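Here is the file input.txt (compact mmCIF, C-alpha atoms and all ligand atoms).
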# COMPACT_ATOMS: atom_id res chain seq x y z
CA MET W 1172 -102.92 32.89 94.92
CA ILE W 1173 -100.40 32.75 97.78
CA HIS W 1174 -101.28 31.19 101.12
CA LEU W 1175 -98.69 31.01 103.88
CA SER W 1176 -99.56 29.43 107.16
CA ASN W 1177 -97.27 29.33 110.18
CA ILE W 1178 -94.05 29.42 108.14
CA HIS W 1179 -90.87 29.01 110.18
CA LYS W 1180 -87.30 29.33 108.95
CA SER W 1181 -84.02 29.17 110.84
CA TYR W 1182 -80.46 29.39 109.63
CA VAL W 1183 -77.97 27.17 111.36
CA THR W 1184 -74.32 28.15 111.16
CA GLY W 1185 -72.02 26.03 113.27
CA ALA W 1186 -73.42 25.97 116.79
CA ASN W 1187 -75.63 29.01 116.20
CA LYS W 1188 -79.24 28.91 115.18
CA LEU W 1189 -80.94 32.05 113.95
CA HIS W 1190 -84.73 31.87 113.98
CA VAL W 1191 -85.64 34.35 111.21
CA LEU W 1192 -89.28 33.62 110.37
CA LYS W 1193 -91.36 32.73 113.43
CA GLY W 1194 -94.74 31.75 112.11
CA ILE W 1195 -95.67 33.77 109.04
CA ASP W 1196 -99.37 33.83 108.12
CA LEU W 1197 -100.12 35.63 104.89
CA ILE W 1198 -102.63 35.56 102.08
CA ILE W 1199 -102.02 37.42 98.83
CA GLU W 1200 -104.72 37.29 96.18
CA GLN W 1201 -104.21 37.10 92.45
CA GLY W 1202 -103.74 40.58 91.00
CA GLU W 1203 -102.61 42.29 94.21
CA LEU W 1204 -99.80 44.87 94.29
CA VAL W 1205 -98.16 44.60 97.69
CA SER W 1206 -94.95 45.68 99.35
CA ILE W 1207 -93.12 43.91 102.13
CA MET W 1208 -91.32 46.28 104.49
CA GLY W 1209 -89.03 45.65 107.40
CA SER W 1210 -85.64 46.69 108.70
CA SER W 1211 -82.44 45.24 107.34
CA GLY W 1212 -82.02 41.66 108.55
CA SER W 1213 -85.71 41.24 109.38
CA GLY W 1214 -86.06 38.35 106.93
CA LYS W 1215 -87.59 40.04 103.87
CA SER W 1216 -85.31 38.29 101.39
CA THR W 1217 -85.71 35.02 103.26
CA LEU W 1218 -89.48 35.30 102.90
CA LEU W 1219 -89.28 36.27 99.23
CA ASN W 1220 -86.93 33.39 98.48
CA ILE W 1221 -89.38 30.98 100.09
CA LEU W 1222 -92.21 32.47 98.00
CA GLY W 1223 -90.04 32.03 94.92
CA ILE W 1224 -89.18 28.42 95.80
CA LEU W 1225 -85.52 29.40 95.79
CA ASP W 1226 -85.19 28.33 99.40
CA ASP W 1227 -87.00 25.87 101.63
CA TYR W 1228 -88.49 26.36 105.08
CA ASP W 1229 -88.64 24.34 108.26
CA ASN W 1230 -92.32 24.28 109.16
CA GLY W 1231 -95.66 25.45 107.93
CA LEU W 1232 -97.69 25.39 104.76
CA TYR W 1233 -97.13 27.26 101.51
CA LYS W 1234 -99.74 27.03 98.79
CA LEU W 1235 -99.17 28.68 95.42
CA HIS W 1236 -102.17 28.63 93.11
CA ASN W 1237 -103.79 25.97 95.31
CA THR W 1238 -100.80 23.65 95.10
CA GLU W 1239 -98.77 22.80 98.16
CA MET W 1240 -95.12 23.75 97.75
CA ASN W 1241 -93.91 21.51 100.56
CA ASN W 1242 -91.28 18.95 99.68
CA LEU W 1243 -91.44 19.50 95.94
CA SER W 1244 -89.00 17.50 93.84
CA GLU W 1245 -86.33 19.71 92.27
CA LYS W 1246 -87.98 19.11 88.91
CA LYS W 1247 -91.40 20.31 90.10
CA ALA W 1248 -89.86 23.26 91.94
CA ALA W 1249 -88.11 24.28 88.73
CA TYR W 1250 -91.37 23.92 86.84
CA TYR W 1251 -93.18 26.35 89.16
CA ARG W 1252 -90.23 28.74 89.26
CA ASN W 1253 -89.97 28.82 85.48
CA ASN W 1254 -93.67 29.02 84.66
CA MET W 1255 -95.37 30.84 87.50
CA ILE W 1256 -92.81 33.24 88.92
CA GLY W 1257 -90.68 36.11 87.64
CA PHE W 1258 -87.81 37.53 89.69
CA VAL W 1259 -86.38 41.04 89.83
CA PHE W 1260 -83.35 41.82 92.00
CA GLN W 1261 -81.68 44.95 93.34
CA SER W 1262 -78.47 44.17 91.46
CA PHE W 1263 -80.30 43.30 88.21
CA ASN W 1264 -78.49 39.93 87.88
CA LEU W 1265 -77.92 40.32 84.15
CA ILE W 1266 -75.32 38.26 82.34
CA SER W 1267 -72.52 40.69 81.55
CA PHE W 1268 -71.38 39.14 78.25
CA LYS W 1269 -74.87 38.87 76.77
CA ASN W 1270 -76.68 41.82 75.23
CA ALA W 1271 -80.06 43.09 76.47
CA MET W 1272 -82.07 40.99 74.01
CA GLU W 1273 -80.18 37.80 74.87
CA ASN W 1274 -80.61 38.46 78.60
CA VAL W 1275 -84.35 38.88 78.18
CA ALA W 1276 -84.57 35.78 75.96
CA LEU W 1277 -82.71 33.53 78.42
CA PRO W 1278 -85.76 32.03 80.22
CA LEU W 1279 -87.11 30.96 76.84
CA TYR W 1280 -83.80 29.26 76.04
CA TYR W 1281 -84.36 27.13 79.14
CA GLN W 1282 -87.83 26.32 77.84
CA GLY W 1283 -86.31 25.06 74.59
CA VAL W 1284 -87.56 27.90 72.36
CA ASN W 1285 -85.35 28.33 69.29
CA ARG W 1286 -83.06 31.34 69.02
CA LYS W 1287 -84.92 33.20 66.29
CA LYS W 1288 -88.26 32.93 68.05
CA ARG W 1289 -87.01 33.76 71.52
CA ASN W 1290 -85.08 36.81 70.29
CA LYS W 1291 -88.16 38.07 68.47
CA ILE W 1292 -90.26 37.76 71.64
CA ALA W 1293 -87.47 39.38 73.69
CA LEU W 1294 -87.54 42.39 71.35
CA GLU W 1295 -91.27 42.74 71.89
CA TYR W 1296 -90.75 42.84 75.66
CA LEU W 1297 -87.89 45.33 75.36
CA ASP W 1298 -90.23 47.44 73.26
CA ARG W 1299 -92.89 47.26 75.98
CA MET W 1300 -90.28 48.45 78.48
CA GLY W 1301 -89.36 51.34 76.16
CA ILE W 1302 -85.79 50.22 75.52
CA LYS W 1303 -85.92 48.36 72.22
CA ASP W 1304 -83.14 50.56 70.86
CA TRP W 1305 -80.84 49.08 73.50
CA ALA W 1306 -81.34 45.47 72.40
CA GLU W 1307 -77.80 45.04 71.11
CA HIS W 1308 -76.12 46.73 74.06
CA LEU W 1309 -74.31 44.99 76.88
CA PRO W 1310 -75.40 45.67 80.48
CA SER W 1311 -72.16 47.60 81.06
CA GLU W 1312 -73.29 50.12 78.44
CA MET W 1313 -76.63 50.80 80.12
CA SER W 1314 -77.82 52.94 83.04
CA GLY W 1315 -79.26 51.38 86.20
CA GLY W 1316 -82.81 52.17 85.12
CA GLN W 1317 -82.23 50.61 81.70
CA LYS W 1318 -80.71 47.51 83.26
CA GLN W 1319 -83.67 47.12 85.59
CA ARG W 1320 -86.03 47.42 82.61
CA VAL W 1321 -84.10 44.61 80.93
CA ALA W 1322 -84.44 42.54 84.11
CA ILE W 1323 -88.17 43.26 84.27
CA ALA W 1324 -88.60 42.25 80.62
CA ARG W 1325 -86.73 39.02 81.42
CA ALA W 1326 -89.05 38.40 84.38
CA LEU W 1327 -92.13 38.92 82.19
CA ILE W 1328 -91.13 36.89 79.16
CA THR W 1329 -92.40 33.57 80.54
CA ASN W 1330 -95.77 35.16 81.26
CA PRO W 1331 -95.64 34.54 85.03
CA LYS W 1332 -98.56 34.81 87.45
CA VAL W 1333 -96.50 36.61 90.05
CA ILE W 1334 -93.44 38.89 90.05
CA LEU W 1335 -91.21 38.85 93.12
CA ALA W 1336 -88.96 41.88 93.37
CA ASP W 1337 -86.28 42.14 96.08
CA GLU W 1338 -85.41 45.82 96.65
CA PRO W 1339 -85.79 46.49 92.90
CA THR W 1340 -85.16 50.22 93.32
CA GLY W 1341 -82.36 49.86 95.87
CA ALA W 1342 -79.66 50.69 93.32
CA LEU W 1343 -81.58 53.42 91.48
CA ASP W 1344 -81.83 57.19 91.98
CA SER W 1345 -85.18 58.45 93.23
CA GLN W 1346 -86.49 59.64 89.85
CA THR W 1347 -85.66 56.30 88.18
CA SER W 1348 -87.12 54.45 91.18
CA LEU W 1349 -90.46 56.13 90.65
CA GLU W 1350 -90.37 55.32 86.94
CA VAL W 1351 -89.75 51.66 87.75
CA MET W 1352 -92.64 51.76 90.23
CA ASP W 1353 -94.90 53.21 87.52
CA LEU W 1354 -93.85 50.33 85.31
CA PHE W 1355 -94.68 47.81 88.06
CA ARG W 1356 -98.09 49.41 88.54
CA GLU W 1357 -98.76 49.14 84.85
CA ILE W 1358 -97.67 45.49 84.74
CA ASN W 1359 -99.93 44.84 87.72
CA LYS W 1360 -102.88 46.26 85.80
CA SER W 1361 -102.53 43.38 83.35
CA GLY W 1362 -103.40 41.06 86.26
CA ILE W 1363 -99.95 39.94 87.36
CA THR W 1364 -99.53 39.76 91.14
CA MET W 1365 -96.64 41.97 92.27
CA ILE W 1366 -94.76 41.51 95.53
CA ILE W 1367 -92.12 44.15 96.14
CA VAL W 1368 -89.66 44.05 99.02
CA THR W 1369 -88.45 47.49 99.97
CA HIS W 1370 -87.40 49.55 102.95
CA GLU W 1371 -88.23 52.82 101.23
CA LYS W 1372 -91.47 54.42 102.33
CA ASP W 1373 -92.12 56.27 99.06
CA ILE W 1374 -91.89 52.94 97.24
CA SER W 1375 -94.28 51.12 99.58
CA GLU W 1376 -96.69 54.05 99.32
CA ARG W 1377 -97.01 53.26 95.64
CA THR W 1378 -98.31 49.77 96.33
CA ASP W 1379 -101.88 48.96 97.33
CA ARG W 1380 -101.00 47.16 100.55
CA VAL W 1381 -98.04 47.26 102.90
CA ILE W 1382 -97.03 44.11 104.74
CA ARG W 1383 -94.68 44.67 107.67
CA LEU W 1384 -92.21 42.09 108.84
CA ARG W 1385 -91.02 42.51 112.40
CA ASP W 1386 -89.39 40.15 114.83
CA GLY W 1387 -90.07 37.24 112.50
CA ILE W 1388 -93.80 37.73 112.17
CA ILE W 1389 -96.11 39.78 110.04
CA GLU W 1390 -97.89 42.72 111.50
CA ASN W 1391 -101.26 43.18 109.95
CA GLY W 1392 -100.99 44.16 106.30
CA GLN W 1393 -102.56 47.58 105.90
CA TYR W 1394 -104.12 48.99 102.76
CA ASN W 1395 -102.99 52.29 101.30
P1 LIG N 1 -83.50 41.21 104.90
O1 LIG N 1 -83.69 40.84 103.46
O2 LIG N 1 -84.75 41.67 105.57
O3 LIG N 1 -82.41 42.21 105.09
P2 LIG N 1 -82.56 38.48 105.19
O4 LIG N 1 -83.73 37.62 104.90
O5 LIG N 1 -81.56 38.62 104.10
O6 LIG N 1 -83.06 39.90 105.70
O7 LIG N 1 -81.80 37.92 106.46
C1 LIG N 1 -82.44 37.71 107.70
C2 LIG N 1 -81.40 37.23 108.70
O8 LIG N 1 -80.96 35.93 108.33
C3 LIG N 1 -80.17 38.10 108.78
O9 LIG N 1 -79.74 38.16 110.12
C4 LIG N 1 -79.17 37.37 107.92
O10 LIG N 1 -77.87 37.62 108.35
C5 LIG N 1 -79.55 35.92 108.13
N1 LIG N 1 -79.28 35.08 106.95
C6 LIG N 1 -79.77 35.28 105.71
N2 LIG N 1 -79.37 34.33 104.87
C7 LIG N 1 -78.58 33.47 105.60
C8 LIG N 1 -77.86 32.28 105.30
N3 LIG N 1 -77.88 31.74 104.09
N4 LIG N 1 -77.17 31.69 106.30
C9 LIG N 1 -77.18 32.22 107.54
N5 LIG N 1 -77.83 33.34 107.90
C10 LIG N 1 -78.53 33.97 106.94
MG MG N 2 -82.80 41.49 101.73

Can you give me the file's structure in the form of C-alpha cells?
Ligand code: ADP
Ligand code: MG
Amino acid sequence: MIHLSNIHKSYVTGANKLHVLKGIDLIIEQGELVSIMGSSGSGKSTLLNILGILDDYDNGLYKLHNTEMNNLSEKKAAYYRNNMIGFVFQSFNLISFKNAMENVALPLYYQGVNRKKRNKIALEYLDRMGIKDWAEHLPSEMSGGQKQRVAIARALITNPKVILADEPTGALDSQTSLEVMDLFREINKSGITMIIVTHEKDISERTDRVIRLRDGIIENGQYN
C-alpha cells in the first residue's frame, strides 16, 4: 500500500540547511494499524506530510497503491489526496463558522456533491461517530473529543484507503484519548490503513506496529 525507499528531505532557510529525513525505507501494507514515534523535531510530521502528498521530498521513491508519487502534477496530487487519503490533526482543523455536519460534508463539496446529498451522508458519518445530536453545533460548542470525532468523520467521508493522523490525541485528556484510539481501531477493522503519529507510549501500544523515527532514519518497526 505504501512503499518508501530512501526518502530524503531537507529544509533550507536562508544559509541553513536542515537534513530531516536521511533515507527512510518503509513498507506499510493495506489494512495495517501503525504508529510512528519519535521525539519532538525528529521529522514525524514531515514524514506524514510526505505520505499525505502535502509536501514534497528531495530524493527517493514513494509509491502509494503501486503508483509513483514523484513529480505529480498538482491536479494528480489533489486527486490522490482527495480520494485515497484522510487526514486527522492534533488541532482538529475544523472551520469555526460551519457546524459539525457542514464540516464533515466539506470534502464532498469539493467533489461536487450537492448540498442535500452531502449533508445526508455527513449525518450518517456523525451517527457512526456517536455524535449525530451535535450536527447543528459549531466547533466552539463542542468538547475536544467531540471535535476530534467530527474531524474523523470528515476524514472518512470520502471513503479513503488510508488515514493519516498527526498527534490526534495530543489535545485530548487521557480518557478521551483512549476512546479516540478505540474508534481508530474500529475504523481499521473495516480495512482502512491507519498511520498515527504520536509521542505517547500508551497510544502507540494500542497500534499493531510501532515505527520509530530517530536521527532521520527508521529503526526497525516492531510489532506489539
Ligand atoms: P516532529 O513532527 O517530529 O516534531 P517536524 O517534522 O515537524 O518534527 O520537524 C522536523 C524538523 O524540521 C524540526 O527541526 C523543525 O523545526 C523543522 N521544520 C519543519 N518544518 C519546517 C519548515 N517548513 N521549514 C523549516 N524547518 C522546518
Ligand atoms: Mg509534528

Restrict the calculation to all atoms listed in the file, then for each residue of chain W with any atom at most 10 Å from an atom of ligand LIG 1 (chain N) give the closest atom pair and their distance in Å to one decimal, rows by chain and rising residue number, as a tab-separated table.
residue	atom	partner	partner_atom	distance
W:Lys1180	CA	N:LIG1	O8	9.2
W:Ser1181	CA	N:LIG1	O8	7.8
W:Tyr1182	CA	N:LIG1	C9	4.8
W:Val1183	CA	N:LIG1	C9	6.4
W:Thr1184	CA	N:LIG1	C9	6.2
W:Gly1185	CA	N:LIG1	C9	9.9
W:Asn1187	CA	N:LIG1	C9	9.4
W:Lys1188	CA	N:LIG1	C9	8.6
W:Leu1189	CA	N:LIG1	O8	6.8
W:His1190	CA	N:LIG1	O8	7.9
W:Val1191	CA	N:LIG1	C2	5.7
W:Leu1192	CA	N:LIG1	C1	8.4
W:Ile1207	CA	N:LIG1	O2	9.3
W:Met1208	CA	N:LIG1	O2	8.1
W:Gly1209	CA	N:LIG1	O2	6.1
W:Ser1210	CA	N:LIG1	O2	6.0
W:Ser1211	CA	N:LIG1	O3	3.8
W:Gly1212	CA	N:LIG1	O6	3.5
W:Ser1213	CA	N:LIG1	O2	4.0
W:Gly1214	CA	N:LIG1	O4	3.2
W:Lys1215	CA	N:LIG1	O2	3.7
W:Ser1216	CA	N:LIG1	O1	3.7
W:Thr1217	CA	N:LIG1	O4	3.7
W:Leu1218	CA	N:LIG1	O4	6.5
W:Leu1219	CA	N:LIG1	O4	8.0
W:Asn1220	CA	N:LIG1	O4	8.3
W:Ile1221	CA	N:LIG1	O4	10.0
W:Asp1226	CA	N:LIG1	N3	9.3
W:Asp1337	CA	N:LIG1	O1	7.9
W:Glu1338	CA	N:LIG1	O1	8.6
W:Val1368	CA	N:LIG1	O1	8.1
W:Thr1369	CA	N:LIG1	O2	8.9
W:His1370	CA	N:LIG1	O2	8.7
W:Leu1384	CA	N:LIG1	O2	8.2
W:Arg1385	CA	N:LIG1	O2	9.3
W:Gly1387	CA	N:LIG1	C1	9.0

Select all residues near (-93.2, 32.6, 84.6) (cut-off 8 Å, inclusive, file coordinates), counting only C-alpha atoms, and output them as a PyMOL selection string. chain W and resi 1251-1257+1326-1333

Residues within 12 Å of region 1350-1361 of chain W, please, as a PyMOL selection string. Count all atoms listed in the file; anything in the same chain fewer than 3 positions from it doesn't count. chain W and resi 1201-1206+1259+1261+1296+1299-1301+1315-1324+1326-1327+1330-1336+1338-1347+1364-1367+1369+1371+1373-1379

Padding of 3 Å on every side, edges along x, y and z, all listed atoms of region 1269-1278 of chain W included: what centre and edge lengths in Å, to one decimal, does that box have, as lines of an AutoDock Vina configuration file?
center_x = -80.3
center_y = 37.6
center_z = 77.1
size_x = 16.9
size_y = 17.1
size_z = 12.2

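Considering the residues W:Glu1390, W:Phe1260, W:Gly1231, W:Asn1237 and counting all atoms listed in the file, ligand MG 2 (chain N) has its shortest atom-to-atom contact with W:Phe1260.
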
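Between CA of Ile1292 (chain W) and CA of His1308 (chain W) the separation is 16.9 Å.
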
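With CA of Tyr1394 (chain W) on one side and CA of Val1381 (chain W) on the other, the separation reads 6.3 Å.
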
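A cut-off of 10 Å from the point (-81.3, 37.5, 76.9), with only C-alpha atoms, picks out the residues W:Leu1265, W:Ile1266, W:Lys1269, W:Asn1270, W:Ala1271, W:Met1272, W:Glu1273, W:Asn1274, W:Val1275, W:Ala1276, W:Leu1277, W:Pro1278, W:Leu1279, W:Tyr1280, W:Arg1289, W:Asn1290, W:Ala1293, W:Leu1294, W:Ala1306, W:Val1321, W:Ala1322, W:Ala1324, W:Arg1325.
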
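In terms of minimum interatomic distance to His1174 (chain W), W:Leu1232 ranks closest within W:Ile1224, W:Leu1232, W:Ile1382, W:Met1313, counting all atoms listed in the file.
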
Which distance in Å separates CA of Leu1197 (chain W) and atom MG of ligand MG 2 (chain N), to one decimal? 18.6 Å

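For the set W:Asn1177, W:Asn1230, W:Thr1238, W:Ser1262, the residue with the smallest atom-to-atom gap to ligand MG 2 (chain N) is W:Ser1262, counting all atoms listed in the file.
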
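Nearest to Tyr1250 (chain W) of all the residues W:Met1172, W:Ser1267, W:Ile1199, W:Tyr1281 is W:Tyr1281, based on all atoms listed in the file.
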